[in-house]
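Chemist: The structure's right below; bear with me while I get my questions together.
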Amino acid sequence: MSSPAITETKPSPPTTELMKVKVDGKEIAVPKTTPDPITGKPVATTMIQACALAKVDVPHYCYHPKLPVAGNCRMCLVEFGTPALGPDRKPVTNPDGTVKISKSPRPAIACATPISPGMEIYTNTPGVKQMREGVLEFLLINHPLDCPICDQAGECKLQEYSVDYGQATSRFVEPKVHKPKHVDLGPRIVLDDERCILCTRCIRFTRDIAGDDALGIVNRGSYNTLSAYPGKAFDNNYTLNTVDICPVGALTSKDFRFKMRVWFLKETKSVCTSCATGCNIVIGSREEKVYRYEPRENDAVNACWMCDYGRLNYKWIGSENRLTEVRIGKSTSTWTAALKEISEKLGKAAPGSVAIVASARQTNEELFLLSKLAQKFNALTDSVPRMKEGDKLLLSADRNPNSNGAKLTGISPAQMGANLPKIADRIRSGSIKTLIVFGEDVTKHGIGTDLLGKLETLIVSDILPNPTTELAHYLLPGCAHAEKRGSFTNGKGRVQRFMKAVEPKGEARPEWEFLHELVYQVTGQNGFASIEGLFNQMAREVPAFNGLTWAGLGDTGASVPI
Amino acid sequence: MIVKRDKLTFWERLYLPAIIGGFKVTLRHFFNKKVTMQYPEEKWVVPPGYRGAPYLVKDQADRTKCVSCQLCEFVCPPKAIRITPPGPQGSPEVGNVEKAPKEFEINMLRCIFCGFCQEVCPEEAIFLMKDYSLTGTSRGEMIYNKEKLLSLGGVHQDKIQKWKHKAEEAKEQGVAP
Ligand code: SF4
Ligand code: SF4
Ligand code: SF4
Ligand code: SF4
Ligand code: FES
């Protein structure tokens, strides 16, 4: 089992004093202060946080645990009381010895009211019920009730709270205030102003988290309208997070718009593969088609966010061009035949005559199996570095999701890409006769088609066709991360697992499955035929992963020193 | 268990009285009004409220009423409905409604005429009509597409015309729909 120090997901909260409060009659101890979501400085704990700790739901729109408090929607109104103080400033006791509570005559918004010792919070009184009904009635006065054509339907807080806390009928007969319905906010966002409930979550996110103060509210009263700064496009790399946090269907993604109703989407926990940060995601798929990525909360990696670049980088999974057949030379073959021929060829290969170029986009397990092959032949191995510009928030300059995995399993040297020229030289000199390529087009990285032509055996596994796959003597169709299970080690050394969302296309098979077979045929080492077993075996054999288990990774992963 | 049989009486053993009784009944029906229907030459006219095959309807302004909300696809117990939503471009032809199905198929071999689709539809766009005997020469033929469903469904006189009303109200306020 992994030690708790490794699987811990959050930095341990600074030890703060606890304070006793009662939520709906249930006493709990809550920390006096909580870190501010933006600055991290301790600020007084609020009633809504105390209720969350007490597992009591308080409906809310504008409050978001990762954003500054705005307190404008009033949905979180609760009633509360504090210990009554006598003229001597001492708590007054009831005749039975309990502390007398003086109930506040006015309600308070739970999201912005700090707790005080002995406070009692009431969330289910008739008064609170009426207030919630009232707030919802106001929110719906000018709401278009577009649910049948609204992409948010099914995951809409206005729908949910209306069912849970609202009234069944409307008393409003006057015409509704109409607003622009199809506002092009930026390259990836469409805004429906009629649906906006003016919670300002999107404004606070883009100002305080993304650092791009692009949104604001214009006009007054019922004519309040969300708008981008005139002449400025809302186009930073984090705009689509506003679609996630918008509690209603006002902000919609141009990419996902009108594509599928959310209740059909199967949700699979996964990890984004577009950079070394490894944001945790949920893949929404239906009938073997991926429809969207959404960020999944992990405080050790991406909080609640992900970048637009990664979020929209999924269409290649369903591409028409996918490699779907096993090929020997130019003719279609079967897995059995190809693996048999490959293992026979490799069985005859002399040490030092084999090289492996494996992408840092392969999983830890796959790279581990490849490193076993490499050991057998004393092979020269490397991966391809993919450095581009990163940003301050999440996007890493390293666009490989598993550079650290490649290093820790020994596939890539400390300086990734340093072995590629050596491999090229040795192919040129004829000492390397067999090249195994996984998930890279080596012709773009110094091993040109002329060199590939000199090889006796070129074994390639990839997902999409490229010049290297064209020249392969053996072509093994591989899987996208959404089609298999496995784990990546992110830029900070967090090992995170991902699950399978859709079936592989055609004949494609997860790389670790056929690599496991190949390793057995070639080296005689029999490993595990399940991803759990394979991971645990790797954790025992690769020093950096010692102590980890597949189960122990959980949904948010575990950190290893790098 | 042994069931004791009563012996037949003499009168019963004659048989003839029973046969004559039977013929009387037959003869009476012979002169009564006929109830047998010469199906399929003659078709049964279904009573109002009958749940036959579900078809799509257009409104009086010739707009396909369905907005592709896919609730019927979700609720349909035998999964007979399959809808292709319009995608990010929406459906410009329906104006402020923004959405209409790109394709809408009902597999009539699967449909059990339960009426859930009609009940769940928030747009009054699908109705179970009077057709009860659907035939075809192949399975493919029994999957009715949007065009066929609309032509069979005809026009529904919409009393509320929610979307038209919304567009007009917005126009009065000077907001482009
Ligand atoms: S925002 Fe919610 S309540 Fe409003 S139209 Fe969309 S789904 Fe319906
Ligand atoms: S667009 Fe959405 S997130 Fe932004 S203010 Fe309106 S309701 Fe809130
Ligand atoms: S009538 Fe019932 S079975 Fe037939 S399409 Fe509608 S919901 Fe499905
Ligand atoms: S429920 Fe009605 S509006 Fe929605 S998809 Fe079905 S027919 Fe169309
Ligand atoms: S959640 Fe408290 S006022 Fe909006």
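Just so we're on the same page: first chain in the structure tokens is A, next is B, and so on; residues restart at 1 for each chain, and ligands are numbered from 1 in the order they show up.
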Run DSSP on the backbone and give me the residues of chain B it puts in helix (DSSP H, G or I), as a ChimeraX atom specification.

Modeler: /B:10-13,16-31,71-75,92-97,116-120,140-142,146-153,162-172

Chemist: Could the residues that lie within 6 Å of ligand 3, counting only C-alpha atoms and all ligand atoms, be listed as number ranges by chain?

Modeler: B: 54, 76-78, 80-81, 111-117

Chemist: Check the smallest atom-to-atom distance from each of B:Gly154, B:Pro92, B:Gly136, B:Gly52 to chain A using only C-alpha atoms, then report the winner.

Modeler: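 Using only C-alpha atoms, chain A sits closest to B:Pro92.
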
Chemist: How would you write, as a tab-separated table (two decimals) with N, CA, C and O atoms, in the first residue's frame, the set of residues no farther than 12 Å from ligand 1 when counting only C-alpha atoms and all ligand atoms?

Modeler:
chain	number	residue	atom	x	y	z
A	136	LEU	N	-36.08	32.59	-6.35
A	136	LEU	CA	-36.26	31.90	-7.63
A	136	LEU	C	-37.33	32.59	-8.47
A	136	LEU	O	-37.21	32.69	-9.69
A	139	LEU	N	-35.71	35.46	-10.10
A	139	LEU	CA	-34.78	35.05	-11.16
A	139	LEU	C	-35.53	34.65	-12.42
A	139	LEU	O	-35.04	34.82	-13.53
A	140	LEU	N	-36.74	34.12	-12.24
A	140	LEU	CA	-37.47	33.61	-13.40
A	140	LEU	C	-38.35	34.67	-14.06
A	140	LEU	O	-38.93	34.41	-15.11
A	141	ILE	N	-38.44	35.86	-13.44
A	141	ILE	CA	-39.32	36.89	-14.00
A	141	ILE	C	-39.01	37.13	-15.47
A	141	ILE	O	-39.89	37.09	-16.32
A	142	ASN	N	-37.75	37.36	-15.77
A	142	ASN	CA	-37.38	37.64	-17.16
A	142	ASN	C	-36.68	36.48	-17.83
A	142	ASN	O	-36.10	36.63	-18.90
A	143	HIS	N	-36.70	35.32	-17.19
A	143	HIS	CA	-35.98	34.19	-17.77
A	143	HIS	C	-36.77	33.62	-18.94
A	143	HIS	O	-37.97	33.44	-18.86
A	144	PRO	N	-36.10	33.32	-20.06
A	144	PRO	CA	-36.84	32.91	-21.26
A	144	PRO	C	-37.43	31.50	-21.18
A	144	PRO	O	-38.29	31.17	-21.99
A	145	LEU	N	-36.99	30.68	-20.25
A	145	LEU	CA	-37.43	29.27	-20.19
A	145	LEU	C	-37.28	28.59	-21.54
A	145	LEU	O	-38.23	28.08	-22.12
A	146	ASP	N	-36.07	28.62	-22.00
A	146	ASP	CA	-35.71	28.04	-23.29
A	146	ASP	C	-35.31	26.58	-23.17
A	146	ASP	O	-34.74	26.03	-24.11
A	147	CYS	N	-35.55	25.96	-22.04
A	147	CYS	CA	-34.97	24.64	-21.76
A	147	CYS	C	-34.93	23.69	-22.96
A	147	CYS	O	-33.92	23.03	-23.16
A	148	PRO	N	-36.00	23.59	-23.78
A	148	PRO	CA	-35.91	22.63	-24.88
A	148	PRO	C	-34.79	22.91	-25.87
A	148	PRO	O	-34.32	22.00	-26.53
A	149	ILE	N	-34.38	24.18	-25.99
A	149	ILE	CA	-33.30	24.46	-26.94
A	149	ILE	C	-32.04	24.91	-26.22
A	149	ILE	O	-31.11	25.39	-26.83
A	150	CYS	N	-32.00	24.74	-24.91
A	150	CYS	CA	-30.87	25.27	-24.13
A	150	CYS	C	-29.89	24.13	-23.83
A	150	CYS	O	-30.28	23.10	-23.29
A	151	ASP	N	-28.63	24.34	-24.17
A	151	ASP	CA	-27.63	23.29	-23.97
A	151	ASP	C	-27.41	22.95	-22.50
A	151	ASP	O	-26.89	21.90	-22.18
A	152	GLN	N	-27.78	23.88	-21.61
A	152	GLN	CA	-27.53	23.63	-20.20
A	152	GLN	C	-28.56	22.67	-19.60
A	152	GLN	O	-28.31	22.08	-18.56
A	153	ALA	N	-29.69	22.53	-20.26
A	153	ALA	CA	-30.76	21.70	-19.70
A	153	ALA	C	-30.21	20.33	-19.33
A	153	ALA	O	-29.51	19.71	-20.10
A	154	GLY	N	-30.53	19.92	-18.12
A	154	GLY	CA	-30.00	18.65	-17.65
A	154	GLY	C	-28.88	18.84	-16.66
A	154	GLY	O	-28.61	17.98	-15.83
A	155	GLU	N	-28.17	19.98	-16.76
A	155	GLU	CA	-27.14	20.28	-15.77
A	155	GLU	C	-27.27	21.75	-15.36
A	155	GLU	O	-26.29	22.42	-15.09
A	156	CYS	N	-28.52	22.22	-15.34
A	156	CYS	CA	-28.79	23.63	-15.09
A	156	CYS	C	-29.21	23.81	-13.64
A	156	CYS	O	-30.16	23.19	-13.17
A	157	LYS	N	-28.52	24.71	-12.95
A	157	LYS	CA	-28.85	24.94	-11.54
A	157	LYS	C	-30.19	25.64	-11.39
A	157	LYS	O	-30.87	25.49	-10.38
A	158	LEU	N	-30.58	26.40	-12.42
A	158	LEU	CA	-31.87	27.07	-12.33
A	158	LEU	C	-32.99	26.03	-12.43
A	158	LEU	O	-33.98	26.09	-11.70
A	159	GLN	N	-32.82	25.06	-13.30
A	159	GLN	CA	-33.79	23.97	-13.39
A	159	GLN	C	-33.82	23.19	-12.08
A	159	GLN	O	-34.88	22.91	-11.52
A	160	GLU	N	-32.61	22.83	-11.61
A	160	GLU	CA	-32.55	21.96	-10.43
A	160	GLU	C	-33.15	22.63	-9.21
A	160	GLU	O	-33.95	22.04	-8.49
A	161	TYR	N	-32.75	23.88	-8.97
A	161	TYR	CA	-33.26	24.56	-7.78
A	161	TYR	C	-34.74	24.88	-7.92
A	161	TYR	O	-35.47	24.91	-6.93
A	162	SER	N	-35.19	25.12	-9.16
A	162	SER	CA	-36.62	25.38	-9.33
A	162	SER	C	-37.42	24.15	-8.94
A	162	SER	O	-38.48	24.25	-8.34
A	163	VAL	N	-36.90	22.98	-9.30
A	163	VAL	CA	-37.59	21.75	-8.93
A	163	VAL	C	-37.50	21.54	-7.42
A	163	VAL	O	-38.49	21.22	-6.76
A	166	GLY	N	-38.38	25.73	-5.80
A	166	GLY	CA	-39.19	26.79	-6.40
A	166	GLY	C	-40.68	26.54	-6.29
A	166	GLY	O	-41.14	25.58	-5.68
A	181	LYS	N	-29.79	37.48	-27.95
A	181	LYS	CA	-29.81	36.04	-27.70
A	181	LYS	C	-28.66	35.28	-28.32
A	181	LYS	O	-28.46	34.11	-28.03
A	191	LEU	N	-22.96	33.76	-26.20
A	191	LEU	CA	-23.69	34.18	-25.01
A	191	LEU	C	-25.16	34.40	-25.34
A	191	LEU	O	-25.50	35.01	-26.35
A	192	ASP	N	-26.03	33.88	-24.48
A	192	ASP	CA	-27.45	34.18	-24.57
A	192	ASP	C	-27.77	35.05	-23.36
A	192	ASP	O	-27.88	34.54	-22.25
A	193	ASP	N	-27.91	36.34	-23.58
A	193	ASP	CA	-28.06	37.26	-22.46
A	193	ASP	C	-29.37	37.08	-21.71
A	193	ASP	O	-29.46	37.38	-20.53
A	194	GLU	N	-30.40	36.59	-22.40
A	194	GLU	CA	-31.69	36.41	-21.71
A	194	GLU	C	-31.59	35.38	-20.60
A	194	GLU	O	-32.28	35.46	-19.60
A	195	ARG	N	-30.71	34.38	-20.80
A	195	ARG	CA	-30.64	33.30	-19.81
A	195	ARG	C	-29.74	33.66	-18.64
A	195	ARG	O	-29.75	32.97	-17.61
A	196	CYS	N	-28.92	34.70	-18.78
A	196	CYS	CA	-27.95	35.05	-17.74
A	196	CYS	C	-28.67	35.48	-16.46
A	196	CYS	O	-29.61	36.26	-16.49
A	197	ILE	N	-28.23	34.94	-15.32
A	197	ILE	CA	-28.84	35.34	-14.06
A	197	ILE	C	-27.94	36.33	-13.31
A	197	ILE	O	-28.12	36.58	-12.12
A	198	LEU	N	-26.92	36.84	-13.99
A	198	LEU	CA	-26.08	37.93	-13.48
A	198	LEU	C	-25.35	37.57	-12.19
A	198	LEU	O	-25.21	38.38	-11.29
A	243	VAL	N	-17.98	28.55	-19.30
A	243	VAL	CA	-19.16	27.76	-19.68
A	243	VAL	C	-19.46	26.74	-18.58
A	243	VAL	O	-20.61	26.48	-18.25
A	246	CYS	N	-20.77	28.73	-15.38
A	246	CYS	CA	-22.04	29.44	-15.55
A	246	CYS	C	-23.15	28.50	-15.09
A	246	CYS	O	-23.32	27.42	-15.63
A	247	PRO	N	-23.90	28.90	-14.06
A	247	PRO	CA	-24.89	27.96	-13.53
A	247	PRO	C	-26.06	27.73	-14.47
A	247	PRO	O	-26.82	26.80	-14.30
A	248	VAL	N	-26.22	28.60	-15.46
A	248	VAL	CA	-27.31	28.46	-16.42
A	248	VAL	C	-26.75	28.32	-17.83
A	248	VAL	O	-25.55	28.17	-18.02
A	249	GLY	N	-27.60	28.39	-18.82
A	249	GLY	CA	-27.17	28.19	-20.20
A	249	GLY	C	-26.85	29.47	-20.92
A	249	GLY	O	-27.03	29.55	-22.13
A	250	ALA	N	-26.35	30.49	-20.19
A	250	ALA	CA	-26.06	31.76	-20.84
A	250	ALA	C	-24.80	31.67	-21.68
A	250	ALA	O	-24.75	32.08	-22.83
A	251	LEU	N	-23.74	31.12	-21.09
A	251	LEU	CA	-22.49	30.96	-21.83
A	251	LEU	C	-22.46	29.54	-22.37
A	251	LEU	O	-22.56	28.58	-21.62
A	252	THR	N	-22.37	29.43	-23.69
A	252	THR	CA	-22.31	28.09	-24.27
A	252	THR	C	-21.08	27.96	-25.16
A	252	THR	O	-20.60	28.94	-25.72
A	261	ARG	N	-27.42	16.23	-26.17
A	261	ARG	CA	-27.98	16.59	-24.86
A	261	ARG	C	-27.12	15.93	-23.78
A	261	ARG	O	-26.71	14.77	-23.93
A	262	VAL	N	-26.90	16.67	-22.71
A	262	VAL	CA	-25.90	16.21	-21.74
A	262	VAL	C	-26.31	14.92	-21.03
A	262	VAL	O	-25.46	14.17	-20.57
B	69	CYS	N	-34.94	18.51	-28.84
B	69	CYS	CA	-34.54	18.52	-27.44
B	69	CYS	C	-34.18	17.12	-26.97
B	69	CYS	O	-33.57	16.94	-25.93
B	122	PRO	N	-42.02	18.87	-24.94
B	122	PRO	CA	-42.36	20.19	-24.44
B	122	PRO	C	-42.84	21.13	-25.54
B	122	PRO	O	-43.20	22.26	-25.27

Chemist: Would you tabulate, counting only C-alpha atoms and all ligand atoms, all residues of chain A that have an atom at most 8 Å from an atom of ligand 5, showing the closest pair of atoms and their distance in Å to one decimal, sorted by chain then ascending number, as CSV?

Modeler:
residue,atom,partner,partner_atom_place_in_ligand_line,distance
A:Pro59,CA,ligand 5,1 (S),7.3
A:His60,CA,ligand 5,1 (S),4.0
A:Tyr61,CA,ligand 5,1 (S),4.9
A:Cys62,CA,ligand 5,4 (Fe),3.9
A:Tyr63,CA,ligand 5,1 (S),4.1
A:His64,CA,ligand 5,1 (S),7.7
A:Val69,CA,ligand 5,2 (Fe),7.8
A:Ala70,CA,ligand 5,3 (S),6.8
A:Gly71,CA,ligand 5,3 (S),3.5
A:Asn72,CA,ligand 5,3 (S),4.5
A:Cys73,CA,ligand 5,4 (Fe),3.8
A:Arg74,CA,ligand 5,3 (S),3.8
A:Met75,CA,ligand 5,4 (Fe),5.4
A:Cys76,CA,ligand 5,2 (Fe),4.5
A:Leu77,CA,ligand 5,2 (Fe),6.8
A:Ile109,CA,ligand 5,2 (Fe),5.1
A:Ala110,CA,ligand 5,2 (Fe),5.7
A:Cys111,CA,ligand 5,2 (Fe),4.3
A:Ala112,CA,ligand 5,2 (Fe),6.4
A:Cys199,CA,ligand 5,4 (Fe),7.0

Chemist: Pick out the closest residue to chain A from this set: B:Val67, B:Val35, B:Leu134, B:Cys72. Count only C-alpha atoms.

Modeler: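 When distances to chain A are compared using only C-alpha atoms, the smallest one comes from B:Val67.
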
Chemist: Using only C-alpha atoms and a cut-off of 10 Å, which residues of chain B sit close to chain A? Please list them as a ChimeraX atom specification.

Modeler: /B:66-71,73-74,83-91,96-101,121-123,163,166-167,169-177

Chemist: Excluding same-chain residues fewer than 4 positions from segment 336-347 of chain A, what lies within 12 Å of it counting only C-alpha atoms, as a count of residues only?

Modeler: 45

Chemist: Identify all residues of segment 223-256 of chain A in strand (DSSP E) (DSSP on the backbone) and supply them as JSON, numbers by chain.

Modeler: {"A": [225, 226, 227, 228, 251, 252, 253]}

Chemist: Distance atom CA of Leu27 of chain B-atom CA of Phe10 of chain B, one decimal place?

Modeler: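 About the pair atom CA of Leu27 of chain B and atom CA of Phe10 of chain B: they are 26.6 Å apart.
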
Chemist: Expressed in Å to a single decimal, how great is the separation between atom CA of Ser227 of chain A and atom CA of Asn241 of chain A?

Modeler: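 We find that atom CA of Ser227 of chain A and atom CA of Asn241 of chain A lie 16.6 Å from each other.
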
Chemist: Neighbouring residues of Asp36 of chain A were defined as those with any atom within 10 Å, considering only C-alpha atoms; residues of the same chain fewer than 3 positions away were excluded. Please report them as a ChimeraX atom specification.

Modeler: /A:33,39-45,65-69

Chemist: What's the separation between atom CA of Glu103 of chain B and atom CA of Glu288 of chain A, in Å to one decimal place?

Modeler: 19.3 Å

Chemist: Please identify all polymer residues within 9 Å of Leu53 of chain A, counting only C-alpha atoms, omitting same-chain residues fewer than 3 positions from it, and present them as number ranges by chain.

Modeler: A: 28-30, 48-50, 56

Chemist: Kindly save the residues from that selection, with C-alpha atoms included, as a PDB file, in the first residue's frame.

Modeler:
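Heads up, here's the output in again_21.pdb:
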ATOM      1  CA  ILE A  28     -19.730  20.454  14.250  1.00  0.00           C
ATOM      2  CA  ALA A  29     -16.280  21.920  14.719  1.00  0.00           C
ATOM      3  CA  VAL A  30     -15.096  24.034  11.796  1.00  0.00           C
ATOM      4  CA  ILE A  48     -21.795  28.194   3.544  1.00  0.00           C
ATOM      5  CA  GLN A  49     -18.407  26.550   4.193  1.00  0.00           C
ATOM      6  CA  ALA A  50     -19.566  25.436   7.617  1.00  0.00           C
ATOM      7  CA  VAL A  56     -25.933  20.338   4.478  1.00  0.00           C
TER       8      VAL A  56
END

Chemist: In terms of the shortest atom-to-atom distance over only C-alpha atoms and all ligand atoms, which of B:Val3, B:Met108, B:Val57, B:Ile126 is closest to ligand 4?

Modeler: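 Result for the nearest residue to ligand 4: B:Ile126.
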